[in-house]
>>> print(open('run.csv').read())   # CSV, C-alpha atoms and all ligand atoms
chain,number,residue,atom,x,y,z
M,1,MET,CA,26.3,-32.3,48.8
M,2,LYS,CA,29.4,-30.6,47.3
M,3,GLY,CA,29.8,-28.1,44.5
M,4,GLN,CA,32.4,-26.1,42.7
M,5,CYS,CA,33.1,-23.6,39.9
M,6,LEU,CA,34.7,-24.7,36.6
M,7,CYS,CA,38.3,-23.9,37.6
M,8,GLY,CA,37.8,-25.5,41.1
M,9,LYS,CA,39.1,-22.5,43.1
M,10,VAL,CA,35.6,-21.9,44.6
M,11,THR,CA,34.2,-24.9,46.4
M,12,PHE,CA,31.4,-25.3,48.9
M,13,GLU,CA,29.2,-27.7,50.7
M,14,VAL,CA,25.5,-27.9,51.4
M,15,ALA,CA,24.1,-30.0,54.3
M,16,SER,CA,20.9,-31.0,52.4
M,17,GLU,CA,20.7,-34.5,51.0
M,18,ARG,CA,18.2,-33.6,48.3
M,19,LEU,CA,17.3,-30.2,46.7
M,20,GLY,CA,14.4,-29.0,44.6
M,21,ILE,CA,15.5,-26.7,41.8
M,22,TYR,CA,13.8,-24.2,39.5
M,23,HIS,CA,14.5,-22.9,36.0
M,24,CYS,CA,14.2,-19.2,35.4
M,25,HIS,CA,13.4,-18.4,31.8
M,26,CYS,CA,13.5,-14.6,32.1
M,27,SER,CA,15.5,-12.4,29.7
M,28,GLN,CA,18.1,-11.4,32.3
M,29,CYS,CA,18.8,-15.1,33.1
M,30,ARG,CA,19.2,-15.8,29.4
M,31,ARG,CA,21.7,-13.0,29.0
M,32,LEU,CA,23.6,-14.0,32.1
M,33,THR,CA,23.9,-17.7,31.2
M,34,GLY,CA,24.0,-17.3,27.5
M,35,SER,CA,21.4,-20.1,27.5
M,36,ALA,CA,17.6,-20.8,27.7
M,37,PHE,CA,17.3,-20.5,31.4
M,38,ASN,CA,19.2,-20.3,34.7
M,39,ALA,CA,18.8,-23.4,37.0
M,40,GLY,CA,19.0,-22.7,40.7
M,41,CYS,CA,18.0,-23.6,44.2
M,42,PHE,CA,17.9,-22.2,47.7
M,43,THR,CA,19.4,-23.6,50.8
M,44,GLN,CA,19.1,-22.3,54.4
M,45,ALA,CA,22.0,-20.1,55.3
M,46,ASP,CA,22.9,-22.5,58.2
M,47,ASP,CA,23.1,-25.4,55.8
M,48,PHE,CA,25.7,-23.7,53.5
M,49,LYS,CA,29.4,-23.4,53.9
M,50,TRP,CA,32.3,-22.3,51.7
M,51,SER,CA,35.1,-24.9,51.6
M,52,SER,CA,37.5,-22.7,49.6
M,53,GLY,CA,37.8,-19.6,47.4
M,54,GLU,CA,35.2,-17.2,49.0
M,55,ALA,CA,37.7,-14.4,48.4
M,56,GLU,CA,37.7,-15.3,44.6
M,57,VAL,CA,34.0,-14.5,44.3
M,58,THR,CA,33.0,-11.2,42.8
M,59,SER,CA,29.6,-9.9,41.8
M,60,TYR,CA,27.6,-7.8,39.4
M,61,ILE,CA,24.4,-6.0,40.4
M,62,GLU,CA,22.0,-4.7,37.7
M,63,LYS,CA,20.1,-1.4,38.3
M,64,SER,CA,17.0,-3.6,38.7
M,65,GLY,CA,18.6,-5.3,41.7
M,66,TYR,CA,19.3,-8.5,39.7
M,67,HIS,CA,22.4,-9.9,41.3
M,68,SER,CA,25.0,-12.3,39.9
M,69,ALA,CA,28.0,-13.7,41.8
M,70,PHE,CA,30.8,-15.4,39.9
M,71,CYS,CA,34.3,-16.8,40.2
M,72,LYS,CA,36.8,-14.1,39.1
M,73,HIS,CA,39.1,-16.7,37.5
M,74,CYS,CA,36.7,-18.8,35.4
M,75,GLY,CA,33.5,-16.7,35.3
M,76,SER,CA,31.3,-19.5,36.6
M,77,SER,CA,28.1,-18.6,38.5
M,78,VAL,CA,28.6,-19.4,42.2
M,79,PRO,CA,26.4,-19.3,45.2
M,80,ASN,CA,25.3,-15.9,46.7
M,81,LYS,CA,23.5,-14.9,49.9
M,82,SER,CA,19.8,-14.3,49.2
M,83,GLY,CA,18.2,-12.2,52.0
M,84,ALA,CA,19.1,-13.0,55.6
M,85,SER,CA,18.2,-16.7,55.7
M,86,TYR,CA,19.1,-18.3,52.3
M,87,TYR,CA,21.9,-18.9,49.9
M,88,TRP,CA,21.0,-19.1,46.2
M,89,ILE,CA,23.0,-21.9,44.5
M,90,PRO,CA,23.4,-22.4,40.7
M,91,ALA,CA,22.3,-26.0,40.1
M,92,GLY,CA,24.9,-26.7,37.6
M,93,THR,CA,27.7,-26.2,40.1
M,94,LEU,CA,26.5,-29.1,42.3
M,95,ASP,CA,28.3,-32.5,41.9
M,96,ASP,CA,25.6,-35.0,42.5
M,97,THR,CA,22.9,-34.4,39.9
M,98,SER,CA,20.9,-37.5,41.0
M,99,LYS,CA,19.8,-35.6,44.2
M,100,LEU,CA,18.3,-32.6,42.3
M,101,GLU,CA,14.7,-32.4,41.1
M,102,VAL,CA,13.0,-29.7,38.9
M,103,ARG,CA,10.0,-28.3,40.8
M,104,ALA,CA,9.3,-25.0,39.1
M,105,HIS,CA,9.6,-22.9,35.9
M,106,LEU,CA,9.6,-19.1,36.2
M,107,PHE,CA,8.8,-16.4,33.6
M,108,ILE,CA,7.3,-18.8,31.1
M,109,ASP,CA,5.6,-15.8,29.5
M,110,SER,CA,9.0,-14.3,28.5
M,111,LYS,CA,10.9,-17.5,27.5
M,112,ALA,CA,12.8,-17.6,24.3
M,113,GLU,CA,10.9,-18.9,21.2
M,114,TRP,CA,13.4,-21.7,20.9
M,115,ASP,CA,13.2,-22.8,24.5
M,116,ILE,CA,11.3,-26.1,25.0
M,117,VAL,CA,10.1,-26.3,28.7
M,118,SER,CA,10.2,-29.7,30.4
M,119,SER,CA,6.9,-31.0,31.7
M,120,LYS,CA,8.4,-31.5,35.2
M,121,GLY,CA,7.5,-28.9,37.8
M,122,THR,CA,4.9,-26.1,38.2
M,123,GLN,CA,5.0,-23.4,35.5
M,124,TYR,CA,4.6,-19.7,36.5
M,125,LYS,CA,3.8,-17.0,33.9
M,126,THR,CA,6.1,-14.7,36.0
M,127,LYS,CA,7.2,-15.7,39.4
M,128,PRO,CA,5.8,-16.8,42.8
M,129,THR,CA,6.8,-15.0,46.0
M,130,LEU,CA,10.2,-16.1,47.5
M,131,GLU,CA,8.2,-17.8,50.3
M,132,GLU,CA,6.0,-19.8,47.9
M,133,LEU,CA,9.1,-20.8,45.8
M,134,THR,CA,11.2,-21.9,48.7
M,135,THR,CA,8.3,-23.9,50.2
M,136,LEU,CA,7.8,-25.7,46.9
M,137,LEU,CA,11.6,-26.3,46.5
M,138,HIS,CA,12.0,-27.7,50.0
M,139,LYS,CA,8.9,-29.8,50.1
M,140,ASP,CA,9.6,-33.5,50.7
M,141,ASN,CA,13.4,-33.0,50.9
M,142,SER,CA,14.9,-35.2,53.6
M,201,ZN,ZN,36.5,-20.7,39.1
M,202,ZN,ZN,15.6,-15.0,35.7
>>> encode(input="run.csv", output="structure tokens", more="lines below")
Ligand SMILES: [Zn+2]
Ligand SMILES: [Zn+2]
Amino acid sequence: MKGQCLCGKVTFEVASERLGIYHCHCSQCRRLTGSAFNAGCFTQADDFKWSSGEAEVTSYIEKSGYHSAFCKHCGSSVPNKSGASYYWIPAGTLDDTSKLEVRAHLFIDSKAEWDIVSSKGTQYKTKPTLEELTTLLHKDNS
């Protein structure tokens, strides 16, 4: 599966055929995206590779530890390493939307009043552990 930022300088490839994704409805993800939620997924670090533009990626880290990586030319969110064994990938950067399935909604308790949450996927008032989330997202992916 391939993905890229809006301007196309940052491109990458993921070995997985299918990916489970989650929507995070927290206030930080709202500010960052300017939208109702941030849609993302995790892939094993071994299954991820940059195709171009890794040097065009810059990042912003909040005092809370909240981390955002983005293309310095177009501002699109791009993948970033999450812990030792995963890459976090913004779902909207992936080309083939037919291979993505919503499995979880995080921070339902702090969602925007105007945000209508889809009925697909498990809803969490806050968030599950990273282990629980990645297990849910990777379940039944071939
Ligand atoms: Zn770009
Ligand atoms: Zn969030």
>>> atom_distance(input="run.csv", atom1="atom CA of Gly83 of chain M", atom2="atom CA of Tyr60 of chain M")
16.3 Å
>>> residues_near_ligand(input="run.csv", ligand="ligand ZN 201 (chain M)", cutoff="10 Å", atoms="only C-alpha atoms and all ligand atoms", output="short mmCIF file (atom, residue, chain, number, x, y, z; two decimals) with C-alpha atoms, keeping the file's coordinate frame")
data_model
loop_
_atom_site.label_atom_id
_atom_site.label_comp_id
_atom_site.auth_asym_id
_atom_site.auth_seq_id
_atom_site.Cartn_x
_atom_site.Cartn_y
_atom_site.Cartn_z
CA GLN M 4 32.40 -26.10 42.70
CA CYS M 5 33.10 -23.60 39.90
CA LEU M 6 34.70 -24.70 36.60
CA CYS M 7 38.30 -23.90 37.60
CA GLY M 8 37.80 -25.50 41.10
CA LYS M 9 39.10 -22.50 43.10
CA VAL M 10 35.60 -21.90 44.60
CA THR M 11 34.20 -24.90 46.40
CA GLY M 53 37.80 -19.60 47.40
CA GLU M 56 37.70 -15.30 44.60
CA VAL M 57 34.00 -14.50 44.30
CA PHE M 70 30.80 -15.40 39.90
CA CYS M 71 34.30 -16.80 40.20
CA LYS M 72 36.80 -14.10 39.10
CA HIS M 73 39.10 -16.70 37.50
CA CYS M 74 36.70 -18.80 35.40
CA GLY M 75 33.50 -16.70 35.30
CA SER M 76 31.30 -19.50 36.60
CA SER M 77 28.10 -18.60 38.50
CA VAL M 78 28.60 -19.40 42.20
#
>>> residues_near_ligand(input="run.csv", ligand="ligand ZN 202 (chain M)", cutoff="6 Å", atoms="all atoms listed in the file", output="list in words")
Cys24, His25, Cys26, Gln28 and Cys29 of chain M
>>> residues_around(input="run.csv", residues="Leu136 of chain M", least_positions_apart="4", cutoff="8 Å", atoms="all atoms listed in the file", output="list in words")
Gly20, Arg103, Ala104 and Glu132 of chain M
>>> closest_residue(input="run.csv", among="M:Met1, M:Ala39, M:Ala55, M:Val14", to="Pro90 of chain M", atoms="all atoms listed in the file")
M:Ala39
>>> closest_residue(input="run.csv", among="M:Glu13, M:Phe37, M:Ser27, M:Lys99", to="Tyr66 of chain M", atoms="all atoms listed in the file")
M:Ser27
>>> atom_distance(input="run.csv", atom1="atom CA of Lys125 of chain M", atom2="atom CA of Leu106 of chain M")
6.6 Å
>>> closest_residue(input="run.csv", among="M:Gly92, M:Gly121, M:Gly40, M:Pro79", to="Glu54 of chain M", atoms="only C-alpha atoms")
M:Pro79
>>> closest_residue(input="run.csv", among="M:Thr97, M:Ser64, M:Gln123, M:Asn38", to="Leu19 of chain M", atoms="all atoms listed in the file")
M:Thr97
>>> closest_residue(input="run.csv", among="M:Phe42, M:His138, M:Ile116, M:Glu101", to="Tyr87 of chain M", atoms="all atoms listed in the file")
M:Phe42
>>> closest_residue(input="run.csv", among="M:Tyr124, M:Ser16, M:Asp46, M:His23", to="Ala84 of chain M", atoms="all atoms listed in the file")
M:Asp46
>>> atom_distance(input="run.csv", atom1="atom CA of Ala15 of chain M", atom2="atom CA of Asp47 of chain M")
4.9 Å
>>> residues_around(input="run.csv", residues="Tyr86 of chain M", least_positions_apart="6", cutoff="7 Å", atoms="all atoms listed in the file", output="list of chain:residue names")
M:Phe42, M:Thr43, M:Gln44, M:Ala45
